[in-house]
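The structure appears right after this line, and notes come after that.
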Amino acid sequence: MGNCLGLSRKSTSEIAPADVLKKHPAVKLYGQPNSIPTYYIRCALLYKPVTVNFVPSDTHQSPVLEYKSDSVTGSVDTVLRYLDAKFPEPKLLTGRIGGWYDETTPFIVWLVILQHRSMMWHLERMGRWAEDLAARGGKARGDPAMGTPRMEMRKFARGYSQLLELMLEHAQMEERVVFQILEMADRGLSKAANEEHARDLPMMNGIKEDIKSIGVLDSGHPAYQEALCNLSTRLKTLQEHSKKHFEEEEKNLLPLMEAAELSKAQQDKVLDQCLDVMHGTHSHLFRFFMEGLLPPDAMHYLDMLSRCSDQNRVSSMLRLIIDKVV
């Protein structure tokens with residue numbers, strides 16, 4: 001979630017500065033342990049500079065937040081507004097709106113836009129990391145938490161594999177769900193976007209193979225430095241292509257989704273279809289995906305997920321975030 005979620009391992013290329021150990025004010029949260037509102041508020045609290053004492057309670061119909069002499073209950077939005085008032089940074093309920101899209105925009109459009117934002121954050125992060133690796137060339141270590149050059153490359157490979165899976169699932173979701181809706185309205189609308197997906201796939205897979213090759217090279221070998229430089233260049237190219245592609249979709253294609261005039265029920269069905277296609281993103285990759293979103297965007301994404309017809313699936317996704325921290 002773009003700088004949050006209590007990440008404990010950071011490379012020299014991370015956006016967020018190193019965590020500073022300090023004492024945070026304590027809040028207490030009472031709520032039914034497996035309810036979506038409780039999970040939602042617990043996720044929101046991860047962004048705030050507070051120490052959370054969660055007290056499971058089946059007697060509370062709605063979550064109750066206690067801070068000093070204050071006791072807050074009611075809707076999730078009420079609790080989040082209280083948190084923003086007491087702990088202003090980072091904000092949870094602002095910054096959601098931008099560009100041509102607003103609160104009336106179809107859910108599927110927001111889903112795509114927020115996924116674009118997460119992928120770009122991770123692409124930028126991997127790009128900076130690759131640039132840092134190339135600058136060191138295996139001759140100097142970066143963050144001690146990364147270990148030896150070979151250990152760091154394994155971590156880099158894992159990060160890129162996660163990003164690659166996310167990007168591939170996103171492309172499949174667009175092709176099977178989003179573009180199909182547009183094609184039904186006007187045949188041929190999605191041709192250029194589909195062609196761009198096909199164009200970038202070899203590059204994305206090629207980078208994965210490059211990383212594998214670097215992983216077996218000796219860091220003192222002359223080819224090691226050259227391979228790192230080539231990797232950095234290819235990642236920059238992928239980042240540029242992706243940024244341009246996302247911008248074109250958001251400018252030219254996604255606004256047309258409003259013209260499709262999907263009802264609320266249809267939008268909910270489309271949301272379920274998207275989650276079915278992007279199973280990995282919303283299961284083992286969910287925390288990774290959410291790390292790429294700023295707090296307001298992350299809360300907006302959770303808002304949309306709460307509309308999923310399978311509430312057990314939503315609970316499982318939120319639990320993935322909580323369980324990684326607790």
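Ligands are numbered from 1 in the order shown, chains are lettered A, B, ... in the order of the structure tokens, and residues start at 1 in each chain.
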
Write out, as JSON lines, each residue of stretch 208-253 of chain A that has an atom at most 12 Å from stretch 165-187 of chain A, together with the closest pair of atoms and their distance in Å to one decimal, counting only C-alpha atoms, rows going by chain and rising number.
{"residue": "A:Lys208", "atom": "CA", "partner": "A:Glu165", "partner_atom": "CA", "distance": 11.0}
{"residue": "A:Leu238", "atom": "CA", "partner": "A:Met167", "partner_atom": "CA", "distance": 11.5}
{"residue": "A:Gln239", "atom": "CA", "partner": "A:Met167", "partner_atom": "CA", "distance": 11.8}
{"residue": "A:Ser242", "atom": "CA", "partner": "A:Met167", "partner_atom": "CA", "distance": 9.8}
{"residue": "A:His245", "atom": "CA", "partner": "A:Ala171", "partner_atom": "CA", "distance": 11.4}
{"residue": "A:Phe246", "atom": "CA", "partner": "A:Ala171", "partner_atom": "CA", "distance": 11.0}
{"residue": "A:Glu249", "atom": "CA", "partner": "A:Glu174", "partner_atom": "CA", "distance": 10.5}
{"residue": "A:Asn252", "atom": "CA", "partner": "A:Leu182", "partner_atom": "CA", "distance": 11.7}
{"residue": "A:Leu253", "atom": "CA", "partner": "A:Leu182", "partner_atom": "CA", "distance": 8.2}

Check your understanding: DSSP says helix (DSSP H, G or I) for which residues of stretch 14-137 of chain A? Put them as a PyMOL selection string?
Key -> chain A and resi 36-45+76-86+107-136

Point to revise | A:Asp143, A:Glu89, A:Met304, A:Glu226 ranked by distance to A:Cys274, top pick (using only C-alpha atoms) | key: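 Smallest distance to A:Cys274 is found for A:Met304.
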
Check your understanding: Nearest to A:Asp310 among A:Lys269, A:Leu65, A:Gly292, A:Leu45, with distances taken over only C-alpha atoms: which residue is it?
Key ->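 Closest candidate: A:Lys269.
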
Exercise for review: Grab the atom CA of A:Leu189 to atom CA of A:Glu250 distance for me, in Å with one decimal place.
Suggested key: 13.5 Å

Point to revise | Selection: 9 Å around A:Lys243, only C-alpha atoms, excl. self and same-chain fewer than 5 positions, as a PyMOL selection string | key: chain A and resi 116+120+238+248

Using only N, CA and C atoms, please write the residues we just selected to a file, as a tab-separated table (two decimals), in the first residue's frame.
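In the end it all went to out.tsv:
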chain	number	residue	atom	x	y	z
A	116	HIS	N	-3.91	-0.12	-12.48
A	116	HIS	CA	-2.84	0.59	-13.19
A	116	HIS	C	-1.90	1.27	-12.21
A	120	MET	N	2.10	0.46	-11.79
A	120	MET	CA	3.09	1.49	-12.07
A	120	MET	C	3.99	1.70	-10.86
A	238	LEU	N	9.99	-1.18	-20.45
A	238	LEU	CA	8.70	-1.75	-20.06
A	238	LEU	C	7.88	-0.73	-19.27
A	248	GLU	N	-3.32	5.74	-22.32
A	248	GLU	CA	-4.19	5.68	-23.50
A	248	GLU	C	-5.51	4.98	-23.16

Practice item. Would you mind telling me which residue in A:His282, A:His300, A:Lys155, A:His221 lies nearest to A:Leu92 when using only C-alpha atoms? Key: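 Checking each of A:His282, A:His300, A:Lys155, A:His221 against A:Leu92, counting only C-alpha atoms, the winner is A:His300.
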
**Study point:** Shell of 7 Å around A:Gly138, only C-alpha atoms, local chain residues under 3 positions omitted, as number ranges by chain
**Key:** A: 149, 219-220

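Counting only C-alpha atoms, A:Gln267 has the following residues at most 8 Å away, ignoring those fewer than 4 positions along the same chain: Pro106, Phe107, Ile108, Leu262, Ser263 and Leu271 of chain A.
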
Check your understanding: Suppose you want the space between atom CA of A:Thr104 and atom CA of A:His279; what is it in Å?
Key ->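 Atom-to-atom, atom CA of A:Thr104 and atom CA of A:His279 are spaced 26.4 Å apart.
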
Study note, to complete from the structure: One decimal place gives the atom CA of A:Pro296-atom CA of A:Leu83 separation as 12.9 Å
